[in-house]
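J.: Mind looking over this structure? Questions follow.
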Amino acid sequence: MFTGKIEDRLEIRELAEIYGDGVVRMDKDTWASVWADDADWDFMGMQLKGREQIVETWLGAMSNFDAVSFSCVPAAIEVDGDKATSRIQTQEVLKAKDGTTRMIGGLYTDELEKRDGRWVYTKRAFAIVAEYNPQEG
């Protein structure tokens, strides 16, 4: 479902795209810019609190890859004033430093707030929906 002001929904969609651009370019500052200082991230069952811990964990995870292709598609954005929820479907191709590759279909379930005039993620949960690892057959 998509509800709320179109301008807010567009800004939230662009926030997801900024996130993806940060992943593809492995750019810490771009990627970190989408998070609230006090955000929570459920990263495949790992509970992270605050932008600093979230970014540190992401940098550690990204250090395992030579390249990542990341695209996302909003499945739902529901805006209610200065708060919103969204679901973002992702497709990722990960090229590990050891030469192996993985393809992942994922789903983010999000809570957002408009703070100081811009949308930020206050809570994200990521889960792998489907995965293909060609090395495993």
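Chain identifiers are assigned as A, B, and so on, following the order in which chains appear in the structure tokens; residues are numbered from 1 within each chain, and ligands are numbered from 1 in order of appearance.
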Among chain A, which ones does DSSP place in strand (DSSP E), written as a PyMOL selection string?
T.: chain A and resi 2-3+35-43+46-49+65-80+83-96+101-115+118-132
J.: Restrict the selected residues to C-alpha atoms and save them as a PDB file, in the first residue's frame.
T.:
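Output saved as out-v2.pdb:
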```pdb
ATOM      1  CA  PHE A   2       1.173   3.514  -0.794  1.00  0.00           C
ATOM      2  CA  THR A   3      -0.429   6.250   1.290  1.00  0.00           C
ATOM      3  CA  TRP A  35      20.182   6.524   9.356  1.00  0.00           C
ATOM      4  CA  ALA A  36      18.926   8.399  12.415  1.00  0.00           C
ATOM      5  CA  ASP A  37      21.569   8.747  15.143  1.00  0.00           C
ATOM      6  CA  ASP A  38      19.463   6.524  17.425  1.00  0.00           C
ATOM      7  CA  ALA A  39      18.353   4.023  14.768  1.00  0.00           C
ATOM      8  CA  ASP A  40      17.870   0.289  15.310  1.00  0.00           C
ATOM      9  CA  TRP A  41      18.840  -2.315  12.713  1.00  0.00           C
ATOM     10  CA  ASP A  42      17.826  -5.952  12.841  1.00  0.00           C
ATOM     11  CA  PHE A  43      20.403  -7.312  10.416  1.00  0.00           C
ATOM     12  CA  MET A  46      21.725  -9.271  14.852  1.00  0.00           C
ATOM     13  CA  GLN A  47      20.295  -6.375  16.873  1.00  0.00           C
ATOM     14  CA  LEU A  48      22.266  -3.162  16.318  1.00  0.00           C
ATOM     15  CA  LYS A  49      21.627   0.119  18.129  1.00  0.00           C
ATOM     16  CA  PHE A  65      33.392  -8.154  -0.886  1.00  0.00           C
ATOM     17  CA  ASP A  66      35.194  -6.861  -3.955  1.00  0.00           C
ATOM     18  CA  ALA A  67      31.929  -5.694  -5.503  1.00  0.00           C
ATOM     19  CA  VAL A  68      28.210  -5.558  -4.795  1.00  0.00           C
ATOM     20  CA  SER A  69      25.368  -4.906  -7.193  1.00  0.00           C
ATOM     21  CA  PHE A  70      22.314  -3.711  -5.269  1.00  0.00           C
ATOM     22  CA  SER A  71      18.922  -2.661  -6.543  1.00  0.00           C
ATOM     23  CA  CYS A  72      15.758  -2.003  -4.613  1.00  0.00           C
ATOM     24  CA  VAL A  73      12.063  -1.667  -5.293  1.00  0.00           C
ATOM     25  CA  PRO A  74       9.630  -0.128  -2.816  1.00  0.00           C
ATOM     26  CA  ALA A  75       6.744  -2.531  -2.210  1.00  0.00           C
ATOM     27  CA  ALA A  76       4.936  -0.225   0.236  1.00  0.00           C
ATOM     28  CA  ILE A  77       5.353   3.272   1.653  1.00  0.00           C
ATOM     29  CA  GLU A  78       2.789   4.522   4.167  1.00  0.00           C
ATOM     30  CA  VAL A  79       3.209   8.067   5.471  1.00  0.00           C
ATOM     31  CA  ASP A  80       1.377   9.438   8.504  1.00  0.00           C
ATOM     32  CA  LYS A  83       6.312   9.075  10.564  1.00  0.00           C
ATOM     33  CA  ALA A  84       6.238   6.372   7.944  1.00  0.00           C
ATOM     34  CA  THR A  85       6.693   2.678   7.299  1.00  0.00           C
ATOM     35  CA  SER A  86       8.000   0.974   4.197  1.00  0.00           C
ATOM     36  CA  ARG A  87       8.832  -2.402   2.721  1.00  0.00           C
ATOM     37  CA  ILE A  88      11.696  -2.507   0.248  1.00  0.00           C
ATOM     38  CA  GLN A  89      12.489  -5.554  -1.897  1.00  0.00           C
ATOM     39  CA  THR A  90      16.139  -5.967  -2.914  1.00  0.00           C
ATOM     40  CA  GLN A  91      18.191  -7.893  -5.429  1.00  0.00           C
ATOM     41  CA  GLU A  92      21.894  -8.250  -4.705  1.00  0.00           C
ATOM     42  CA  VAL A  93      24.824  -9.865  -6.455  1.00  0.00           C
ATOM     43  CA  LEU A  94      27.812 -10.158  -4.138  1.00  0.00           C
ATOM     44  CA  LYS A  95      31.335 -10.859  -5.385  1.00  0.00           C
ATOM     45  CA  ALA A  96      33.371 -12.036  -2.395  1.00  0.00           C
ATOM     46  CA  THR A 101      29.463 -15.006  -5.872  1.00  0.00           C
ATOM     47  CA  ARG A 102      26.033 -15.015  -4.245  1.00  0.00           C
ATOM     48  CA  MET A 103      22.704 -13.702  -5.430  1.00  0.00           C
ATOM     49  CA  ILE A 104      20.257 -12.603  -2.776  1.00  0.00           C
ATOM     50  CA  GLY A 105      16.660 -11.460  -2.822  1.00  0.00           C
ATOM     51  CA  GLY A 106      15.956  -9.563   0.373  1.00  0.00           C
ATOM     52  CA  LEU A 107      13.260  -7.635   2.172  1.00  0.00           C
ATOM     53  CA  TYR A 108      13.632  -4.572   4.386  1.00  0.00           C
ATOM     54  CA  THR A 109      10.820  -3.668   6.769  1.00  0.00           C
ATOM     55  CA  ASP A 110      11.280  -0.067   7.875  1.00  0.00           C
ATOM     56  CA  GLU A 111      10.166   2.671  10.194  1.00  0.00           C
ATOM     57  CA  LEU A 112      11.094   6.241   9.322  1.00  0.00           C
ATOM     58  CA  GLU A 113      10.750   9.728  10.734  1.00  0.00           C
ATOM     59  CA  LYS A 114      11.056  13.150   9.207  1.00  0.00           C
ATOM     60  CA  ARG A 115      13.655  14.929  11.331  1.00  0.00           C
ATOM     61  CA  ARG A 118      14.458  15.104   5.989  1.00  0.00           C
ATOM     62  CA  TRP A 119      13.444  11.460   6.197  1.00  0.00           C
ATOM     63  CA  VAL A 120      15.722   8.992   8.002  1.00  0.00           C
ATOM     64  CA  TYR A 121      15.470   5.348   8.958  1.00  0.00           C
ATOM     65  CA  THR A 122      14.750   4.886  12.648  1.00  0.00           C
ATOM     66  CA  LYS A 123      14.300   1.133  12.453  1.00  0.00           C
ATOM     67  CA  ARG A 124      15.168  -1.376   9.729  1.00  0.00           C
ATOM     68  CA  ALA A 125      14.875  -5.133   9.657  1.00  0.00           C
ATOM     69  CA  PHE A 126      16.533  -7.104   6.870  1.00  0.00           C
ATOM     70  CA  ALA A 127      15.813 -10.696   5.946  1.00  0.00           C
ATOM     71  CA  ILE A 128      16.956 -12.853   3.058  1.00  0.00           C
ATOM     72  CA  VAL A 129      13.937 -14.105   1.107  1.00  0.00           C
ATOM     73  CA  ALA A 130      15.781 -16.166  -1.524  1.00  0.00           C
ATOM     74  CA  GLU A 131      19.422 -16.962  -2.196  1.00  0.00           C
ATOM     75  CA  TYR A 132      21.427 -18.599  -4.936  1.00  0.00           C
TER      76      TYR A 132
END
```
J.: I need the residue nearest Met26 of chain A from this list: A:Arg51, A:Gly81, A:Asn64, A:Met44. Use only C-alpha atoms for the distance.
T.: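 Ranking A:Arg51, A:Gly81, A:Asn64, A:Met44 by distance to Met26 of chain A, first place goes to A:Asn64.
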J.: What gap, in Å, lies between atom CA of Gly60 of chain A and atom CA of Arg25 of chain A?
T.: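 Rounded to one decimal, the two atoms are 15.2 Å apart.
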J.: How many Å lie between atom CA of Gln135 of chain A and atom CA of Thr100 of chain A, rounded to one decimal?
T.: 6.9 Å
